[in-house]
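Structure, as structure tokens:
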Amino acid sequence: MLTHFIGGEPVAAGTAFPVHDPMTGAVIRQVGEADPEVVDRAVRAAREAARDWAALPVAERAGWLRRLAEGIEERFDDLVAAEIADTGKPLDQTRTLDIPRGIANFRAFAEIAAHRPDEAFHLSGVLSYTVRRPLGVVAVIVPWNLPFLLMTWKLAPALVSGNTVVVKPSEHTPGSAAVFAEICAAAGLPPGVVNIIYGHGSAGQLLVEHPWVDAVTFTGSTGTGSAIMKAVADRVKPVSFELGGKNAALVFEDCDLDRAVEGCVRSVFTNGGQVCLCTERLYVQRPIFEEFGARLAARAQEVVPQPMISAEHREKVLSYYALARSEGAKVLAGGGTPSFGDKRDSGYFVDPTVVTGLSEWSRFNREEIFGPVCHVTPFDTESEAIGLANNSEYGLAAAVWTGGLDRAHRVAQRLEAGLVWVNTWYLRDLRTPFGGLRLSGIGREGGTQSLDFYSEPTTITIKMEQPDA
Ligand SMILES: NC(=O)C1=CN([C@@H]2O[C@H](COP(=O)(O)OP(=O)(O)OC[C@H]3O[C@@H](n4cnc5c(N)ncnc54)[C@H](O)[C@@H]3O)[C@@H](O)[C@H]2O)C=CC1
Ligand SMILES: O=C(O)/C=C/C=C(\O)C(=O)O
């Protein structure tokens, strides 16, 4: 049974629950569910480690981040295997994105923190300067779609800012976190600086509610973000939320069509559509609408299906396929489940799917589906396209495909989204702000924005007496 990692030690506790391989549905491991005692023990361990960790110079904490990055490199293949076992991700993606981003997250935040200047203001003999102090114990709640990438995205800036952490990975994907616990232990990271506990949402709720948890960083569904906000409201804990999306792509007739089709294939189908940044609403200018729709549909039929994370999530995605039909959609590709003739037939697969013909106000076009599926709508003018894209309760990401430089800037600046890509998708610079508007979240992480969230400023003001003339 997978053990929790508390105070630098493995802790076997809690009722066992199974983790399934999404490729086949088979049970691949048993994990102990964190109960109130386990949660309390983990938070206490983090609290006990907090003072010494916070007292280290930032350069030393940055050094620890670099050592953890080296540890990840040494255990690269084990991390790849654990991530694939839990998620069914393709080997190539796991080797080039998920695990390397863990290394990059630690290295990037080591540099950003080590070289960040403090602010100082001088005015008429008054000097004010700002120092930043850690928040204390941070709860890190991670989803299942990019488990290692997102855990390390939060851990690295939290740690380098001087916080200690209790991480709760998703109940579906504990494997890479368990390898990371071994990496922390092997590196000799001081006990209690990183604690990892496993369990379902109820364990996450116990964690965020714990009175000694000072802040919560969460990536996942908007509904869970809202539940966490309610749970921490009485203690007014700071939260950083990266939530859902219903992301639009705008394809203009002046685009490079080959590049736009391939870009949209990537933005709709990567990771089986299970990335918060994936495109679910495509708006295509009328002169190229038919050709674009036909080419996207043809490519969708060539995409190798990736499993959904769980049987429940597969049912959810399939319920949207049924909803599209009942709302009157025309299915251009997919719409069902693939058949392989092998063990994958008991896995959690759905067809890569493209539909058209629905109104902007249909549930299909308004709710986050989180699967390999998009709806394609024609538009005539630039301002119509912008209005359609912005007609959403979410505001996470958007993509613009155009050959016009002026149009690219004009449209990108009017899109109501935290992230806009032009003629590309999911190109990341870890120093840039990352997050969304409205139901897509609260706050931004990335670069100094992460460091700001994981610390509090104290302003120190000194009045300098002037010597007598
Ligand atoms: N980044 C994103 O946009 C993501 C969106 N989703 C969406 O959410 C839907 C549901 O997927 P779930 O796995 O249920 O995601 P979720 O948002 O419920 O789970 C994410 C994490 O939050 C934890 N959690 C759940 N309830 C909690 C609570 N009350 N307090 C503290 N932690 C809690 C879970 O155990 C998991 O570690 C998906 O169908 C998808 O539409 C899921 C994952 C990521
Ligand atoms: O930081 C990234 O590169 C990707 C982030 C993706 C999510 O937050 C998500 O899919 O939930």
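How things are named: the first chain in the structure tokens is A, the next is B, and so on; residues count from 1 in each chain; ligands count from 1 in the order shown.
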
Contact check, chain A to ligand 1, at most 6 Å, counting only C-alpha atoms and all ligand atoms, closest pairs as a Markdown table:
```
| residue | atom | partner | partner_atom_place_in_ligand_line | distance |
| --- | --- | --- | --- | --- |
| A:Ile141 | CA | ligand 1 | 37 (O) | 5.3 |
| A:Val142 | CA | ligand 1 | 37 (O) | 4.7 |
| A:Pro143 | CA | ligand 1 | 20 (C) | 4.0 |
| A:Trp144 | CA | ligand 1 | 43 (C) | 5.9 |
| A:Asn145 | CA | ligand 1 | 43 (C) | 5.9 |
| A:Lys168 | CA | ligand 1 | 37 (O) | 5.9 |
| A:Pro169 | CA | ligand 1 | 37 (O) | 4.9 |
| A:Ser170 | CA | ligand 1 | 37 (O) | 3.3 |
| A:Glu171 | CA | ligand 1 | 35 (O) | 5.6 |
| A:His200 | CA | ligand 1 | 35 (O) | 4.3 |
| A:Gly201 | CA | ligand 1 | 25 (C) | 3.4 |
| A:Ser202 | CA | ligand 1 | 28 (C) | 5.8 |
| A:Gly204 | CA | ligand 1 | 31 (C) | 3.6 |
| A:Gln205 | CA | ligand 1 | 30 (N) | 3.5 |
| A:Thr219 | CA | ligand 1 | 1 (N) | 5.1 |
| A:Gly220 | CA | ligand 1 | 17 (O) | 3.6 |
| A:Ser221 | CA | ligand 1 | 17 (O) | 3.7 |
| A:Thr224 | CA | ligand 1 | 17 (O) | 4.9 |
| A:Ala227 | CA | ligand 1 | 29 (N) | 5.2 |
| A:Ile228 | CA | ligand 1 | 30 (N) | 5.1 |
| A:Leu243 | CA | ligand 1 | 3 (O) | 4.7 |
| A:Gly244 | CA | ligand 1 | 3 (O) | 3.6 |
| A:Cys276 | CA | ligand 1 | 3 (O) | 3.9 |
| A:His313 | CA | ligand 1 | 39 (O) | 5.6 |
| A:Glu368 | CA | ligand 1 | 41 (O) | 5.7 |
| A:Ile369 | CA | ligand 1 | 41 (O) | 5.5 |
| A:Phe370 | CA | ligand 1 | 41 (O) | 4.7 |
```

Exercise for the section: Could you give me, as a PyMOL selection string, the residues within 7 Å of segment 328-331 of chain A, counting only C-alpha atoms and dropping anything in the same chain fewer than 3 positions from it? Expected result: chain A and resi 324-325+335+354-358

Exercise for the section: From the DSSP assignment of the backbone, select every residue of segment 117-355 of chain A that is strand (DSSP E or B), and format the answer as number ranges by chain. Expected result: A: 120-123, 126-134, 137-141, 164-168, 194-196, 215-219, 239-242, 247-251, 279-285, 330-333, 353-355

Print the selection's residues with C-alpha atoms to a file, as a compact mmCIF listing (two decimals), in the first residue's frame.
```
# COMPACT_ATOMS: atom_id res chain seq x y z
CA ALA A 120 12.77 50.52 -1.90
CA PHE A 121 11.28 54.04 -2.06
CA HIS A 122 13.04 57.22 -0.96
CA LEU A 123 11.15 60.48 -0.51
CA VAL A 126 11.96 58.96 4.38
CA LEU A 127 13.15 55.55 3.26
CA SER A 128 10.61 52.77 2.86
CA TYR A 129 11.55 49.28 1.81
CA THR A 130 9.72 46.02 1.61
CA VAL A 131 10.73 42.60 2.81
CA ARG A 132 8.70 39.50 2.10
CA ARG A 133 8.02 36.74 4.59
CA PRO A 134 6.53 33.28 3.97
CA VAL A 137 2.12 26.11 5.96
CA VAL A 138 0.63 25.91 2.46
CA ALA A 139 -1.89 23.25 1.37
CA VAL A 140 -1.21 22.19 -2.22
CA ILE A 141 -4.23 20.47 -3.82
CA THR A 164 6.52 24.32 4.24
CA VAL A 165 3.85 22.33 2.44
CA VAL A 166 1.32 19.54 2.74
CA VAL A 167 0.46 18.20 -0.71
CA LYS A 168 -2.65 16.21 -1.53
CA VAL A 194 7.45 18.59 2.21
CA ASN A 195 4.64 16.31 3.41
CA ILE A 196 2.44 14.31 1.06
CA ALA A 215 -2.95 29.32 2.59
CA VAL A 216 -4.30 27.09 -0.16
CA THR A 217 -3.17 26.69 -3.74
CA PHE A 218 -5.51 24.64 -5.90
CA THR A 219 -5.89 23.60 -9.52
CA VAL A 239 -6.26 31.18 -1.98
CA SER A 240 -4.74 30.83 -5.42
CA PHE A 241 -7.12 29.08 -7.81
CA GLU A 242 -6.56 27.87 -11.34
CA ASN A 247 -11.55 28.12 -24.25
CA ALA A 248 -12.11 29.59 -27.70
CA ALA A 249 -9.95 29.56 -30.81
CA LEU A 250 -10.57 32.12 -33.57
CA VAL A 251 -9.53 31.05 -37.06
CA THR A 279 -9.91 24.49 -26.93
CA GLU A 280 -13.58 23.45 -26.77
CA ARG A 281 -15.09 26.28 -28.87
CA LEU A 282 -13.76 26.94 -32.36
CA TYR A 283 -14.91 29.95 -34.40
CA VAL A 284 -13.95 29.88 -38.07
CA GLN A 285 -14.42 32.66 -40.63
CA LYS A 330 -24.28 17.59 -36.47
CA VAL A 331 -21.43 15.21 -35.62
CA LEU A 332 -18.47 15.70 -38.00
CA ALA A 333 -16.23 13.09 -36.37
CA THR A 353 -15.01 14.26 -31.56
CA VAL A 354 -15.93 17.34 -33.61
CA VAL A 355 -19.48 18.70 -33.72
```

Please list as a PDB file with C-alpha atoms, in the first residue's frame every residue within 7 Å of segment 383-399 of chain A, counting only C-alpha atoms and excluding residues in the same chain fewer than 3 positions away.
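Just written: around.pdb:
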```pdb
ATOM      1  CA  GLY A 245     -12.060  26.841 -18.929  1.00  0.00           C
ATOM      2  CA  LYS A 246     -14.284  26.862 -21.999  1.00  0.00           C
ATOM      3  CA  ASN A 247     -11.553  28.118 -24.253  1.00  0.00           C
ATOM      4  CA  ALA A 248     -12.110  29.589 -27.699  1.00  0.00           C
ATOM      5  CA  ALA A 249      -9.949  29.557 -30.807  1.00  0.00           C
ATOM      6  CA  LEU A 250     -10.575  32.123 -33.569  1.00  0.00           C
ATOM      7  CA  LEU A 277      -6.109  25.205 -21.623  1.00  0.00           C
ATOM      8  CA  TYR A 283     -14.910  29.954 -34.396  1.00  0.00           C
ATOM      9  CA  ARG A 366     -21.171  26.785 -22.247  1.00  0.00           C
ATOM     10  CA  PHE A 379     -18.453  33.818 -38.116  1.00  0.00           C
ATOM     11  CA  ASP A 380     -18.337  36.732 -40.578  1.00  0.00           C
ATOM     12  CA  VAL A 411      -7.977  40.732 -31.376  1.00  0.00           C
ATOM     13  CA  LEU A 415     -10.137  38.773 -25.708  1.00  0.00           C
ATOM     14  CA  GLU A 416     -11.275  38.353 -22.116  1.00  0.00           C
ATOM     15  CA  ALA A 417      -8.857  35.602 -21.095  1.00  0.00           C
ATOM     16  CA  GLY A 418      -5.833  35.316 -18.844  1.00  0.00           C
ATOM     17  CA  LEU A 419      -3.759  33.796 -21.670  1.00  0.00           C
ATOM     18  CA  VAL A 420      -3.955  34.433 -25.417  1.00  0.00           C
ATOM     19  CA  TRP A 421      -1.813  32.593 -27.950  1.00  0.00           C
ATOM     20  CA  VAL A 422      -1.369  33.823 -31.535  1.00  0.00           C
ATOM     21  CA  TRP A 425      -0.969  27.113 -28.400  1.00  0.00           C
ATOM     22  CA  GLY A 435      -4.377  32.016 -14.626  1.00  0.00           C
ATOM     23  CA  GLY A 436      -7.822  33.175 -15.642  1.00  0.00           C
ATOM     24  CA  LEU A 437     -10.789  35.473 -15.211  1.00  0.00           C
ATOM     25  CA  ARG A 438     -14.279  34.853 -13.804  1.00  0.00           C
ATOM     26  CA  LEU A 439     -15.027  31.147 -13.153  1.00  0.00           C
ATOM     27  CA  SER A 440     -11.502  30.293 -14.349  1.00  0.00           C
TER      28      SER A 440
END
```

Exercise for the section: May I have the residues within 8 Å of Leu451 of chain A as a count of residues only, using only C-alpha atoms and disregarding those fewer than 6 positions away in the same chain? Expected result: 4

Practice task
Could you check which of A:Asp351, A:Glu312, A:Asp452, A:Asp98 is closest to ligand 2, using only C-alpha atoms and all ligand atoms?
Solution key: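 Residue with the minimum atom-to-atom distance to ligand 2: A:Asp98.
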
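Residue nearest Met1 of chain A within the list A:Ala114, A:Ser176, A:Tyr198, A:Glu182: A:Tyr198 [criterion: smallest interatomic distance, only C-alpha atoms].
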
Handout entry: Atom pair atom CA of Arg67 of chain A / atom 8 (O, counted along the ligand's line) of ligand 2: separation (Å)
Key =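 Those two atoms sit 24.7 Å apart.
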
Exercise for the section: Could you find all residues in segment 47-149 of chain A that DSSP calls alpha helix (DSSP H) from the backbone, and write them as a ChimeraX atom specification? Expected result: /A:47-55,58-74,76-87,91-93,99-114,147-149
